[in-house]
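The next block holds one structure in the form of structure tokens; read it before the comments.
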Amino acid sequence: PILSRIICQAPSIMGLSLNQNLRPTAAVLMERASLTPFEIGWIVCTSPPILTLSIKNKIEPCLDFLNSALLLNNDDDDPSSSNYDDDNNNGKRNRQLGLILLNCPRLLLHNIHTSLAPKLAMIRDAVEKEDGLFLTSSTSTSSSMTASALARRNPSLLVTSKHVLKRRLEKELDKVANDPNNYNLWNALGPSTKGRKRQFLDGVMPIDGEKTL
């Protein structure tokens with residue numbers, strides 16, 4: 001049933017070369033996002049069309065965007081420090097990206113310019129409006145950092161439709177304005193604890209990113 005569902009959702013997979021398409025795609029995701037073969041299987045089962053994406057034109061640009069826009073390349077360690085380990089920090093950054101993809105594989109299917117970037121900008125604008133409600137000073141840099149942190153914590157915000165996201169942001173900002181003591185965007189836009197668990201094969205795929213992000 002798993003294989004048939006994959007083929008039904010992405011029938012063009014059957015026309016792809018194992019050595020020229022499928023394996024290279026899996027290899028790029030494993031290397032760039034520190035994913036295991038089992039985790040690649042989980043991502044494919046969740047979003048089969050990912051295997052049909054162009055590595056050069058879609059997957060790598062999307063990974064680069066997520067690394068930059070979600071500030072995954074901003075390590076706490078000082079590169080000028082004698083204790084700085086570039087390989088170790090790259091590994092941590094890659095794994096953080098992998099956890100985000102495990103939480104929300106559909107990120108790879110969305111267009112950077114028409115979907116991901118505009119939604120991140122919408123979240124940033126909402127953060128600025130929240131700061132305005134409390135008459136606190138906010139720079140575009142601090143708002144962008146908060147928006148990136150919200151997206152890292154709950155990447156599903158970036159795969160919802162722009163209309164739904166806009167409506168949700170407006171709703172949450174109204175709550176903040178009416179009851180600032182009990183509401184704030186950080187908690188309101190966090191990952192949901194409700195809903196059915198996604199299953200992989202006969203069990204539940206453990207995603208440590210749910211606890212980490």
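In the structure tokens, the first chain shown is A, the next is B, and so on; residue numbers restart at 1 for each chain, and ligands run from 1 in the order shown.
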Compile a residue-level contact table for stretch 75-190 of chain A against stretch 49-70 of chain A at a cut-off of 7 Å, reporting for every qualifying residue the shortest atom pair and its distance in Å to one decimal, with only C-alpha atoms counted, rows ordered by chain and ascending number, as CSV.
```
residue,atom,partner,partner_atom,distance
A:Leu108,CA,A:Cys62,CA,6.3
A:Leu109,CA,A:Ile50,CA,6.6
A:Ile112,CA,A:Cys62,CA,6.7
A:Ser148,CA,A:Leu70,CA,4.6
A:Ala149,CA,A:Leu70,CA,6.8
A:Ala151,CA,A:Leu70,CA,6.9
A:Arg152,CA,A:Leu70,CA,6.2
```
Point to revise | Close residues, A:Ala121 itself excluded, 9 Å, only C-alpha atoms, min 4 positions apart in chain, as a PyMOL selection string | key: chain A and resi 116-117+125-126+144+147
Exercise for review: Have a look at atom CA of A:His163 and atom CA of A:Asn103 and let me know their distance in Å, one decimal.
Suggested key: 22.0 Å
Review point. What are the DSSP helix (DSSP H, G or I) residues of stretch 107-157 of chain A, as a ChimeraX atom specification?
Key: /A:107-109,112-133,140-153,155-157
Taking C-alpha atoms for each residue, export the selection above as a PDB file, in the first residue's frame.
```
ATOM      1  CA  LEU A 107       8.601  22.917   2.004  1.00  0.00           C
ATOM      2  CA  LEU A 108      10.606  21.486  -0.896  1.00  0.00           C
ATOM      3  CA  LEU A 109       7.547  21.553  -3.133  1.00  0.00           C
ATOM      4  CA  ILE A 112      10.665  30.318  -3.125  1.00  0.00           C
ATOM      5  CA  HIS A 113       9.539  33.575  -4.737  1.00  0.00           C
ATOM      6  CA  THR A 114       5.771  33.084  -4.848  1.00  0.00           C
ATOM      7  CA  SER A 115       5.236  31.082  -1.676  1.00  0.00           C
ATOM      8  CA  LEU A 116       7.999  30.727   0.920  1.00  0.00           C
ATOM      9  CA  ALA A 117       9.511  34.230   0.875  1.00  0.00           C
ATOM     10  CA  PRO A 118       6.166  36.105   0.817  1.00  0.00           C
ATOM     11  CA  LYS A 119       4.829  34.067   3.746  1.00  0.00           C
ATOM     12  CA  LEU A 120       7.959  34.693   5.783  1.00  0.00           C
ATOM     13  CA  ALA A 121       7.514  38.403   5.023  1.00  0.00           C
ATOM     14  CA  MET A 122       3.900  38.194   6.217  1.00  0.00           C
ATOM     15  CA  ILE A 123       5.045  36.716   9.518  1.00  0.00           C
ATOM     16  CA  ARG A 124       7.688  39.431   9.856  1.00  0.00           C
ATOM     17  CA  ASP A 125       5.087  42.140   9.258  1.00  0.00           C
ATOM     18  CA  ALA A 126       2.828  40.578  11.894  1.00  0.00           C
ATOM     19  CA  VAL A 127       5.701  40.634  14.397  1.00  0.00           C
ATOM     20  CA  GLU A 128       6.241  44.327  13.686  1.00  0.00           C
ATOM     21  CA  LYS A 129       2.530  45.005  14.226  1.00  0.00           C
ATOM     22  CA  GLU A 130       2.616  43.108  17.520  1.00  0.00           C
ATOM     23  CA  ASP A 131       5.550  45.239  18.658  1.00  0.00           C
ATOM     24  CA  GLY A 132       3.539  48.305  17.687  1.00  0.00           C
ATOM     25  CA  LEU A 133       0.659  47.213  19.897  1.00  0.00           C
ATOM     26  CA  SER A 140      13.463  45.193  10.559  1.00  0.00           C
ATOM     27  CA  THR A 141      16.390  43.020  11.611  1.00  0.00           C
ATOM     28  CA  SER A 142      14.865  42.000  14.942  1.00  0.00           C
ATOM     29  CA  SER A 143      11.477  41.385  13.317  1.00  0.00           C
ATOM     30  CA  SER A 144      13.106  39.230  10.648  1.00  0.00           C
ATOM     31  CA  MET A 145      14.977  37.233  13.284  1.00  0.00           C
ATOM     32  CA  THR A 146      11.760  36.610  15.227  1.00  0.00           C
ATOM     33  CA  ALA A 147       9.918  35.624  12.039  1.00  0.00           C
ATOM     34  CA  SER A 148      12.703  33.195  11.156  1.00  0.00           C
ATOM     35  CA  ALA A 149      12.577  31.702  14.643  1.00  0.00           C
ATOM     36  CA  LEU A 150       8.803  31.246  14.361  1.00  0.00           C
ATOM     37  CA  ALA A 151       9.216  29.503  11.006  1.00  0.00           C
ATOM     38  CA  ARG A 152      11.953  27.245  12.378  1.00  0.00           C
ATOM     39  CA  ARG A 153       9.741  26.338  15.301  1.00  0.00           C
ATOM     40  CA  PRO A 155       7.659  25.326   9.465  1.00  0.00           C
ATOM     41  CA  SER A 156       4.101  24.369   8.512  1.00  0.00           C
ATOM     42  CA  LEU A 157       3.346  28.109   8.564  1.00  0.00           C
TER      43      LEU A 157
END
```
Practice item. Identify, on the basis of only C-alpha atoms, every residue whose closest approach to A:Gln96 does not exceed 8 Å; exclude the query and any residue fewer than 4 positions from it along the same chain; express the result as an NGL selection string. Key: :A and (33 or 72 or 92 or 100 or 209)
Review point. Which neighbours of A:Asn154 fall inside 8 Å, counting only C-alpha atoms, when residues of the same chain fewer than 4 positions from it are skipped, and could you give them as number ranges by chain?
Key: A: 150, 189-191, 213
